[in-house]
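Student: So that we are looking at the same thing, I have put the structure below in structure tokens.
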Amino acid sequence: MMNVTITPDYQLTSDGIQFILQHRRIVDPTKAPNWMKRAAEGADPNPREKWEDVGYYSLNERGLTSAVESVIYRTAAMSDAENLREFSATIRELGESIKAEIEALIPRRFCQGVMVSESGNQ
């Protein structure tokens, strides 16, 4: 099963039928309502990383694009932006960063083919 990191807090995986977008959460067991009982039983108090499914997308180019766009907008929504200009800049910067990374990793010939098919020109 693939596990592709998009940002430190988001990863893309697949079950062979669809893309699955996951968000990283840090779980602190000491904050759980039953922590005292679990601590008495010897439970580990250290925080741990947990990946939760947050979106399901078609296993095709459109689905992949939607998943990446979701990461961009979710990340921007959690930013410290205080006005529309800052929010827009956050979206643009993250989008450009992800695009640059994809272009660096995927052969240019493939990227050009995708760009042609997206624009409808052949």
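Ordering of the structure tokens sets the chain letters (A, B, ...); residue numbers start at 1 within each chain; ligands are numbered from 1 in the order shown.
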Determine which residues of chain A DSSP labels as strand (DSSP E or B) from the backbone of this structure, then write them out as number ranges by chain.
Tutor: A: 3-7, 10-14, 18-27, 48-58
Student: Taking the chain letters and numbering used in this document, name the residues of chain A that DSSP puts in helix (DSSP H, G or I), as a PyMOL selection string.
Tutor: chain A and resi 29-31+35-40+61-77+84-105+108-119
Student: Excluding Thr13 in chain A and any residue of its chain fewer than 6 positions from it, enumerate the residues within 8 Å of it, using only C-alpha atoms, and give them as a count of residues only.
Tutor: 8
Student: Could you work out how far CA of His23 in chain A lies from CA of Thr5 in chain A, giving the answer in Å with one decimal?
Tutor: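 Between these atoms lies a distance of 10.2 Å.
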Student: Pick from A:Thr75, A:Thr7, A:Ser14, A:Asn34: nearest to Asp53 in chain A, with only C-alpha atoms counted?
Tutor: A:Ser14
Student: Compile the contact shell of range 62-72 of chain A as an mmCIF file with N, CA and C atoms, in the first residue's frame: residues with an atom at most 8 Å away, counting only C-alpha atoms, same-chain residues fewer than 4 positions apart removed.
Tutor:
```cif
data_model
loop_
_atom_site.group_PDB
_atom_site.id
_atom_site.type_symbol
_atom_site.label_atom_id
_atom_site.label_comp_id
_atom_site.auth_asym_id
_atom_site.auth_seq_id
_atom_site.Cartn_x
_atom_site.Cartn_y
_atom_site.Cartn_z
ATOM 1 N N ILE A 6 2.393 14.396 1.736
ATOM 2 C CA ILE A 6 2.149 15.612 0.974
ATOM 3 C C ILE A 6 2.690 16.806 1.751
ATOM 4 N N TYR A 10 -0.240 15.806 6.356
ATOM 5 C CA TYR A 10 -1.145 15.104 5.444
ATOM 6 C C TYR A 10 -0.379 14.081 4.628
ATOM 7 N N PHE A 19 -8.107 6.911 -3.676
ATOM 8 C CA PHE A 19 -7.102 7.600 -2.878
ATOM 9 C C PHE A 19 -7.741 7.913 -1.532
ATOM 10 N N LEU A 21 -7.066 10.376 1.758
ATOM 11 C CA LEU A 21 -6.312 11.461 2.359
ATOM 12 C C LEU A 21 -6.356 11.287 3.868
ATOM 13 N N GLY A 55 -10.610 12.080 3.847
ATOM 14 C CA GLY A 55 -11.210 12.231 2.526
ATOM 15 C C GLY A 55 -10.933 11.026 1.646
ATOM 16 N N TYR A 56 -11.882 10.765 0.750
ATOM 17 C CA TYR A 56 -11.775 9.664 -0.198
ATOM 18 C C TYR A 56 -11.978 10.226 -1.599
ATOM 19 N N TYR A 57 -11.080 9.856 -2.515
ATOM 20 C CA TYR A 57 -11.071 10.445 -3.856
ATOM 21 C C TYR A 57 -10.910 9.359 -4.903
ATOM 22 N N SER A 58 -11.492 9.601 -6.070
ATOM 23 C CA SER A 58 -11.386 8.654 -7.185
ATOM 24 C C SER A 58 -9.930 8.369 -7.500
ATOM 25 N N ALA A 76 -4.385 25.998 4.604
ATOM 26 C CA ALA A 76 -4.595 27.449 4.610
ATOM 27 C C ALA A 76 -5.636 27.838 5.654
ATOM 28 N N ILE A 91 -2.430 30.089 0.318
ATOM 29 C CA ILE A 91 -2.895 29.115 -0.674
ATOM 30 C C ILE A 91 -1.927 29.053 -1.849
ATOM 31 N N LEU A 94 1.614 27.478 -0.818
ATOM 32 C CA LEU A 94 1.555 26.033 -0.601
ATOM 33 C C LEU A 94 1.324 25.309 -1.922
ATOM 34 N N GLY A 95 0.448 25.846 -2.752
ATOM 35 C CA GLY A 95 0.196 25.240 -4.062
ATOM 36 C C GLY A 95 1.449 25.196 -4.916
#
```
